[in-house]
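Colleague: So I've got this file, coords_21.txt, and it contains compact mmCIF, C-alpha atoms and all ligand atoms:
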```txt
# COMPACT_ATOMS: atom_id res chain seq x y z
CA MET A 1 15.94 -7.60 -2.97
CA LYS A 2 15.95 -5.13 -5.79
CA LYS A 3 18.18 -2.15 -6.20
CA VAL A 4 16.49 0.91 -7.66
CA SER A 5 18.05 2.62 -10.68
CA LEU A 6 20.95 4.98 -10.18
CA PHE A 7 18.81 7.86 -11.41
CA THR A 8 16.05 7.05 -8.92
CA ALA A 9 18.63 6.62 -6.19
CA ILE A 10 20.14 10.02 -6.86
CA THR A 11 16.66 11.56 -7.02
CA LEU A 12 15.68 9.93 -3.72
CA LEU A 13 18.92 10.98 -2.07
CA ALA A 14 18.45 14.51 -3.32
CA ALA A 15 14.92 14.41 -1.92
CA GLY A 16 16.21 13.71 1.56
CA GLY A 17 18.23 10.55 1.90
CA VAL A 18 15.50 7.92 1.51
CA SER A 19 16.46 4.23 1.33
CA LEU A 20 18.09 2.94 -1.85
CA TYR A 21 16.18 -0.31 -1.65
CA ALA A 22 12.66 -1.16 -2.64
CA GLY A 23 10.36 -4.16 -2.69
CA ASP A 24 6.94 -5.19 -3.96
CA VAL A 25 4.02 -5.36 -1.56
CA THR A 26 1.69 -8.19 -2.57
CA GLY A 27 -1.24 -9.94 -0.99
CA THR A 28 -4.76 -11.26 -1.16
CA VAL A 29 -7.95 -9.61 0.01
CA LYS A 30 -10.74 -11.92 1.15
CA LEU A 31 -14.32 -11.35 2.08
CA ASN A 32 -15.66 -12.78 5.32
CA GLY A 33 -19.38 -13.61 5.12
CA THR A 34 -22.00 -14.03 2.43
CA PRO A 35 -22.43 -10.95 0.27
CA PRO A 36 -25.94 -9.62 -0.27
CA LYS A 37 -27.72 -10.55 -3.49
CA GLU A 38 -26.86 -8.27 -6.39
CA ALA A 39 -29.65 -6.00 -7.65
CA GLU A 40 -31.39 -6.92 -10.90
CA ILE A 41 -31.40 -4.33 -13.68
CA PRO A 42 -34.62 -4.93 -15.64
CA GLN A 43 -34.34 -1.64 -17.53
CA ALA A 44 -31.09 -2.91 -19.10
CA LYS A 45 -32.77 -6.14 -20.14
CA GLN A 46 -35.68 -4.21 -21.67
CA ASN A 47 -33.51 -1.68 -23.48
CA PRO A 48 -33.85 -2.37 -27.22
CA ASP A 49 -30.17 -1.61 -27.93
CA CYS A 50 -28.52 -3.14 -24.88
CA GLY A 51 -30.86 -6.00 -23.89
CA LYS A 52 -29.78 -8.34 -26.68
CA MET A 53 -26.08 -7.63 -26.23
CA MET A 54 -26.31 -8.39 -22.52
CA GLY A 55 -27.48 -12.00 -23.11
CA ASP A 56 -30.39 -14.06 -21.79
CA ALA A 57 -29.83 -13.79 -18.06
CA MET A 58 -31.19 -10.83 -16.11
CA PRO A 59 -28.36 -8.25 -15.82
CA THR A 60 -27.35 -7.45 -12.25
CA THR A 61 -24.97 -5.19 -10.37
CA HIS A 62 -21.49 -6.63 -9.69
CA HIS A 63 -20.54 -5.09 -6.38
CA TYR A 64 -19.14 -8.32 -4.95
CA ILE A 65 -16.97 -10.44 -7.24
CA VAL A 66 -15.93 -13.24 -4.89
CA GLY A 67 -13.88 -16.41 -5.53
CA LYS A 68 -14.39 -19.89 -4.07
CA ASN A 69 -12.46 -19.10 -0.91
CA GLY A 70 -13.70 -15.55 -0.47
CA GLU A 71 -11.10 -13.89 -2.73
CA LEU A 72 -12.45 -10.42 -3.36
CA ALA A 73 -11.91 -8.54 -6.64
CA ASN A 74 -12.14 -4.79 -7.17
CA CYS A 75 -10.52 -3.73 -3.90
CA VAL A 76 -8.30 -0.67 -4.12
CA VAL A 77 -5.13 -1.11 -2.02
CA VAL A 78 -2.94 1.92 -1.35
CA ILE A 79 0.21 2.64 0.61
CA LYS A 80 0.21 6.00 2.31
CA GLY A 81 3.06 8.41 2.91
CA VAL A 82 5.63 7.10 0.42
CA SER A 83 7.88 9.82 -0.86
CA GLY A 84 9.26 9.85 -4.39
CA GLY A 85 7.80 7.80 -7.21
CA ALA A 86 7.14 8.57 -10.85
CA LYS A 87 4.64 11.22 -11.86
CA GLY A 88 1.32 10.19 -13.37
CA ASP A 89 1.77 11.95 -16.68
CA ALA A 90 4.66 9.55 -17.37
CA ALA A 91 2.50 6.50 -16.56
CA PRO A 92 1.01 4.52 -19.46
CA PRO A 93 -2.62 5.43 -20.24
CA VAL A 94 -5.33 3.10 -18.98
CA VAL A 95 -8.46 2.10 -20.89
CA LEU A 96 -12.01 2.43 -19.63
CA ASP A 97 -14.19 0.62 -22.15
CA GLN A 98 -17.94 0.64 -22.71
CA LYS A 99 -18.83 -2.88 -23.72
CA LYS A 100 -22.30 -4.45 -23.86
CA CYS A 101 -23.63 -1.34 -22.14
CA THR A 102 -21.34 -1.83 -19.15
CA TYR A 103 -18.20 0.02 -18.10
CA VAL A 104 -15.16 -2.29 -18.16
CA PRO A 105 -13.55 -2.30 -15.67
CA GLN A 106 -16.03 -1.00 -13.15
CA ILE A 107 -13.32 -0.24 -10.60
CA MET A 108 -9.99 1.26 -11.53
CA ALA A 109 -7.25 3.33 -9.91
CA VAL A 110 -5.05 5.92 -11.58
CA GLN A 111 -2.50 8.54 -10.72
CA THR A 112 -3.12 12.27 -10.99
CA GLY A 113 -2.13 13.27 -14.51
CA GLN A 114 -2.40 9.72 -15.87
CA LYS A 115 -4.52 9.48 -19.02
CA ILE A 116 -7.74 7.48 -19.05
CA MET A 117 -8.76 6.58 -22.62
CA VAL A 118 -12.54 6.08 -22.67
CA LYS A 119 -13.56 3.73 -25.50
CA ASN A 120 -16.93 2.90 -26.96
CA SER A 121 -16.83 -0.70 -28.24
CA ASP A 122 -20.63 -0.79 -28.66
CA PRO A 123 -22.78 -0.14 -31.72
CA VAL A 124 -24.82 2.31 -29.62
CA MET A 125 -24.37 5.85 -28.34
CA HIS A 126 -23.17 6.38 -24.77
CA ASN A 127 -22.72 9.62 -22.85
CA VAL A 128 -19.67 9.66 -20.60
CA HIS A 129 -20.27 11.81 -17.53
CA THR A 130 -17.83 12.17 -14.62
CA VAL A 131 -19.23 13.21 -11.24
CA PRO A 132 -16.20 14.32 -9.19
CA MET A 133 -16.46 15.21 -5.48
CA THR A 134 -13.36 17.43 -5.77
CA ALA A 135 -12.10 20.06 -8.20
CA ASN A 136 -11.50 17.37 -10.83
CA ALA A 137 -12.96 18.18 -14.24
CA THR A 138 -16.49 17.20 -15.17
CA MET A 139 -16.59 15.46 -18.52
CA ASN A 140 -20.04 15.21 -20.09
CA THR A 141 -19.65 14.02 -23.64
CA ALA A 142 -21.73 11.90 -26.01
CA GLN A 143 -19.75 9.15 -27.72
CA GLY A 144 -21.42 7.47 -30.70
CA PRO A 145 -20.58 4.09 -32.19
CA GLY A 146 -17.08 4.14 -33.67
CA ALA A 147 -16.34 7.59 -32.24
CA PRO A 148 -12.72 8.29 -31.26
CA ASP A 149 -11.63 7.58 -27.69
CA LEU A 150 -12.24 10.31 -25.15
CA THR A 151 -9.37 11.33 -22.90
CA TYR A 152 -9.71 12.24 -19.25
CA SER A 153 -7.20 12.87 -16.51
CA ALA A 154 -7.76 13.87 -12.90
CA THR A 155 -5.70 16.52 -11.18
CA LYS A 156 -6.86 15.86 -7.58
CA PRO A 157 -6.73 12.71 -5.46
CA GLU A 158 -10.22 11.33 -5.00
CA ASN A 159 -11.62 7.96 -4.00
CA PHE A 160 -14.24 6.26 -6.17
CA MET A 161 -14.95 9.12 -8.53
CA LYS A 162 -18.08 8.19 -10.42
CA PHE A 163 -18.30 7.77 -14.18
CA GLN A 164 -21.89 7.38 -15.35
CA CYS A 165 -23.64 7.10 -18.70
CA ASP A 166 -26.52 9.51 -19.12
CA VAL A 167 -28.13 7.31 -21.81
CA HIS A 168 -28.14 4.11 -19.71
CA ASN A 169 -28.88 4.72 -16.04
CA TRP A 170 -27.26 1.49 -14.82
CA MET A 171 -23.80 2.16 -16.29
CA PHE A 172 -21.27 3.17 -13.63
CA ALA A 173 -17.51 2.98 -13.12
CA TRP A 174 -15.62 4.20 -10.07
CA VAL A 175 -12.11 5.53 -10.47
CA SER A 176 -9.80 6.17 -7.50
CA VAL A 177 -7.11 8.80 -8.02
CA PHE A 178 -3.83 9.02 -6.08
CA ASP A 179 -0.97 11.51 -6.28
CA HIS A 180 1.69 8.74 -6.24
CA PRO A 181 2.12 5.35 -7.94
CA TYR A 182 1.84 3.08 -4.87
CA PHE A 183 -1.61 1.50 -5.34
CA ALA A 184 -3.25 -1.50 -7.03
CA VAL A 185 -6.67 -3.06 -7.60
CA THR A 186 -7.30 -6.70 -6.66
CA ASP A 187 -7.96 -9.11 -9.55
CA GLU A 188 -10.54 -11.92 -9.67
CA ASN A 189 -8.24 -13.98 -7.42
CA GLY A 190 -8.29 -11.21 -4.83
CA LYS A 191 -4.60 -10.56 -5.51
CA TYR A 192 -2.75 -7.28 -5.72
CA THR A 193 0.85 -6.18 -6.27
CA ILE A 194 2.24 -2.73 -5.54
CA LYS A 195 5.63 -2.52 -7.18
CA ASN A 196 8.91 -0.91 -6.12
CA VAL A 197 7.91 0.51 -2.78
CA PRO A 198 10.98 2.15 -1.21
CA ASP A 199 12.05 0.56 2.10
CA GLY A 200 10.18 1.99 5.04
CA SER A 201 7.23 1.58 7.41
CA TYR A 202 3.89 2.67 6.09
CA GLU A 203 0.17 2.66 6.61
CA ILE A 204 -1.63 0.54 4.03
CA GLN A 205 -5.34 0.87 3.28
CA VAL A 206 -7.93 -1.19 1.46
CA PHE A 207 -11.09 0.21 -0.05
CA HIS A 208 -14.05 -1.63 -1.54
CA ARG A 209 -17.15 0.14 -2.83
CA LYS A 210 -19.43 -1.74 -0.42
CA ALA A 211 -17.30 -3.58 2.16
CA ALA A 212 -14.78 -0.78 2.87
CA PRO A 213 -16.06 2.49 1.40
CA ALA A 214 -14.07 5.71 1.12
CA SER A 215 -15.24 6.75 4.60
CA ALA A 216 -14.30 3.45 6.25
CA PRO A 217 -11.20 1.81 4.73
CA LYS A 218 -9.50 -1.15 6.37
CA THR A 219 -6.14 0.11 7.64
CA ASP A 220 -3.00 -1.82 8.62
CA LYS A 221 0.75 -1.31 8.74
CA VAL A 222 3.40 -2.67 6.41
CA GLU A 223 7.18 -2.65 6.60
CA VAL A 224 9.24 -2.92 3.44
CA LYS A 225 12.83 -3.80 4.22
CA GLY A 226 15.25 -5.46 1.85
CA GLY A 227 12.73 -7.29 -0.32
CA SER A 228 9.15 -8.08 -1.13
CA VAL A 229 6.55 -8.38 1.57
CA THR A 230 3.12 -10.02 1.75
CA LYS A 231 0.16 -8.31 3.34
CA ASP A 232 -3.24 -10.00 3.29
CA PHE A 233 -6.56 -8.51 4.34
CA THR A 234 -10.00 -9.74 5.27
CA LEU A 235 -13.03 -7.51 4.87
CA ASP A 236 -16.34 -8.24 6.53
CA VAL A 237 -19.66 -8.08 4.75
CA PRO A 238 -21.14 -4.90 6.20
CA ALA A 239 -24.03 -5.24 8.66
CA LYS A 240 -27.31 -4.05 7.22
CU CU B 301 -24.43 4.06 -22.17
```
Rewrite the structure of this file - the entire thing - as structure tokens.

Modeller:
Amino acid sequence: MKKVSLFTAITLLAAGGVSLYAGDVTGTVKLNGTPPKEAEIPQAKQNPDCGKMMGDAMPTTHHYIVGKNGELANCVVVIKGVSGGAKGDAAPPVVLDQKKCTYVPQIMAVQTGQKIMVKNSDPVMHNVHTVPMTANATMNTAQGPGAPDLTYSATKPENFMKFQCDVHNWMFAWVSVFDHPYFAVTDENGKYTIKNVPDGSYEIQVFHRKAAPASAPKTDKVEVKGGSVTKDFTLDVPAK
């Protein structure tokens, strides 16, 4: 059990008498079934700048990053309807790197107002281009080798907003944007932790680019009451 700070407590009370207690929501997301084969990207292999950096093997997509027991990375987990929470402009910036002609990470989640620092770690030119489905800003900016980081922040919630590179047509990242801090992305062990969720009963949703897209999240309920709580999920490989 963790008591929230006095300041937060007063803020929450002022906001309408919400619980003084909070807990972490943690869990593992697993994939049920064999994922489809990833697509090969021969144009990356053949690219004179990127091919060598990407190594000997044929580059592929990485939609399904799955552990030995089905642990699924790159799932976005979000708790809905939590009131309070810090604003995104106070959250530490996150880094979206371009490394070996790939966006790293490919899946990330941020808060509205939170800064995304877009880096170019490559000795080649990229062109960072956001393709929002909402009123979020479109960035379309070339970034040469050694160029300063670009800064982007979203003002509207949006799931899987696309970042693409206009120089390399296989480079994509998808950034989910929420107007509160109660979300996380699963790591390579399929694990996630959403910290300091105020006590209460909520809907919790999981998204994955292929197995639970923005239009069809997996939804469950979670109750936070006097401590941390575990909530695991299983996603099915979608039928073709
Ligand atoms: Cu590029």

Colleague: Find the residue from A:Ser201, A:Asn136, A:Thr141, A:Thr151 that sits nearest to Thr112 of chain A; use only C-alpha atoms when measuring.

Modeller: A:Asn136

Colleague: In the coordinate frame of the file, compute which residues have an atom within 12 Å of (-7.1, -6.6, -12.2) when using all atoms listed in the file, and state them as a PyMOL selection string.

Modeller: chain A and resi 65+72-77+94+104-109+183-193

Colleague: Mind giving me the straight-line distance from atom CA of Gly55 of chain A to atom CA of Cys101 of chain A in Å, one decimal?

Modeller: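 So the two atoms, atom CA of Gly55 of chain A and atom CA of Cys101 of chain A, lie 11.4 Å apart.
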
Colleague: 12 Å from ligand CU 301 (chain B) is the threshold here; counting only C-alpha atoms and all ligand atoms, which polymer residues fall inside it? Answer as a PyMOL selection string.

Modeller: chain A and resi 44+47+49-50+97-104+119-129+141-145+163-173

Colleague: Taking C-alpha atoms for each residue, export the selection above as a tab-separated table (two decimals), in the frame of the given file.

Modeller:
```
chain	number	residue	atom	x	y	z
A	44	ALA	CA	-31.09	-2.91	-19.10
A	47	ASN	CA	-33.51	-1.68	-23.48
A	49	ASP	CA	-30.17	-1.61	-27.93
A	50	CYS	CA	-28.52	-3.14	-24.88
A	97	ASP	CA	-14.19	0.62	-22.15
A	98	GLN	CA	-17.94	0.64	-22.71
A	99	LYS	CA	-18.83	-2.88	-23.72
A	100	LYS	CA	-22.30	-4.45	-23.86
A	101	CYS	CA	-23.63	-1.34	-22.14
A	102	THR	CA	-21.34	-1.83	-19.15
A	103	TYR	CA	-18.20	0.02	-18.10
A	104	VAL	CA	-15.16	-2.29	-18.16
A	119	LYS	CA	-13.56	3.73	-25.50
A	120	ASN	CA	-16.93	2.90	-26.96
A	121	SER	CA	-16.83	-0.70	-28.24
A	122	ASP	CA	-20.63	-0.79	-28.66
A	123	PRO	CA	-22.78	-0.14	-31.72
A	124	VAL	CA	-24.82	2.31	-29.62
A	125	MET	CA	-24.37	5.85	-28.34
A	126	HIS	CA	-23.17	6.38	-24.77
A	127	ASN	CA	-22.72	9.62	-22.85
A	128	VAL	CA	-19.67	9.66	-20.60
A	129	HIS	CA	-20.27	11.81	-17.53
A	141	THR	CA	-19.65	14.02	-23.64
A	142	ALA	CA	-21.73	11.90	-26.01
A	143	GLN	CA	-19.75	9.15	-27.72
A	144	GLY	CA	-21.42	7.47	-30.70
A	145	PRO	CA	-20.58	4.09	-32.19
A	163	PHE	CA	-18.30	7.77	-14.18
A	164	GLN	CA	-21.89	7.38	-15.35
A	165	CYS	CA	-23.64	7.10	-18.70
A	166	ASP	CA	-26.52	9.51	-19.12
A	167	VAL	CA	-28.13	7.31	-21.81
A	168	HIS	CA	-28.14	4.11	-19.71
A	169	ASN	CA	-28.88	4.72	-16.04
A	170	TRP	CA	-27.26	1.49	-14.82
A	171	MET	CA	-23.80	2.16	-16.29
A	172	PHE	CA	-21.27	3.17	-13.63
A	173	ALA	CA	-17.51	2.98	-13.12
```

Colleague: Calculate how many Å separate atom CA of Phe178 of chain A from atom CA of Val110 of chain A, rounding to one decimal.

Modeller: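 Atom CA of Val110 of chain A lies 6.4 Å from atom CA of Phe178 of chain A.
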
Colleague: May I ask for the distance between atom CA of Phe160 of chain A and atom CA of Pro59 of chain A, given in Å to one decimal place?

Modeller: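 Computing it gives 22.4 Å between the two atoms.
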
Colleague: Would you please work out which residue, of A:Thr61, A:Thr219, A:Thr230, A:Gln111, is nearest to Pro36 of chain A when using all atoms listed in the file?

Modeller: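 Nearest candidate to Pro36 of chain A out of A:Thr61, A:Thr219, A:Thr230, A:Gln111: A:Thr61.
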
Colleague: Using only C-alpha atoms, which residues sit within 7 Å of Val197 of chain A once same-chain residues fewer than 3 positions away are excluded, as an MDAnalysis selection string?

Modeller: chainID A and resid 22:24 182

Colleague: Which residue gives the smallest distance to Gly33 of chain A among A:Ser228, A:Thr234, A:Ser215, A:Ser176, with all atoms listed in the file counted?

Modeller: A:Thr234

Colleague: Determine the nearest neighbour of His208 of chain A from the options A:Asn196, A:Asn159, A:Thr34, A:Gln43, counting only C-alpha atoms.

Modeller: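 When distances to His208 of chain A are compared using only C-alpha atoms, the smallest one comes from A:Asn159.
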
Colleague: Mind checking which residues fall within 9 Å of Pro35 of chain A, counting all atoms listed in the file, ignoring those fewer than 5 positions away in the same chain, and posting them as JSON, numbers by chain?

Modeller: {"A": [64, 66, 237, 238]}

Colleague: Could those residues be written to a file, using C-alpha atoms, as a PDB file, in the frame of the given file?

Modeller:
```pdb
ATOM      1  CA  TYR A  64     -19.140  -8.320  -4.950  1.00  0.00           C
ATOM      2  CA  VAL A  66     -15.930 -13.240  -4.890  1.00  0.00           C
ATOM      3  CA  VAL A 237     -19.660  -8.080   4.750  1.00  0.00           C
ATOM      4  CA  PRO A 238     -21.140  -4.900   6.200  1.00  0.00           C
TER       5      PRO A 238
END
```
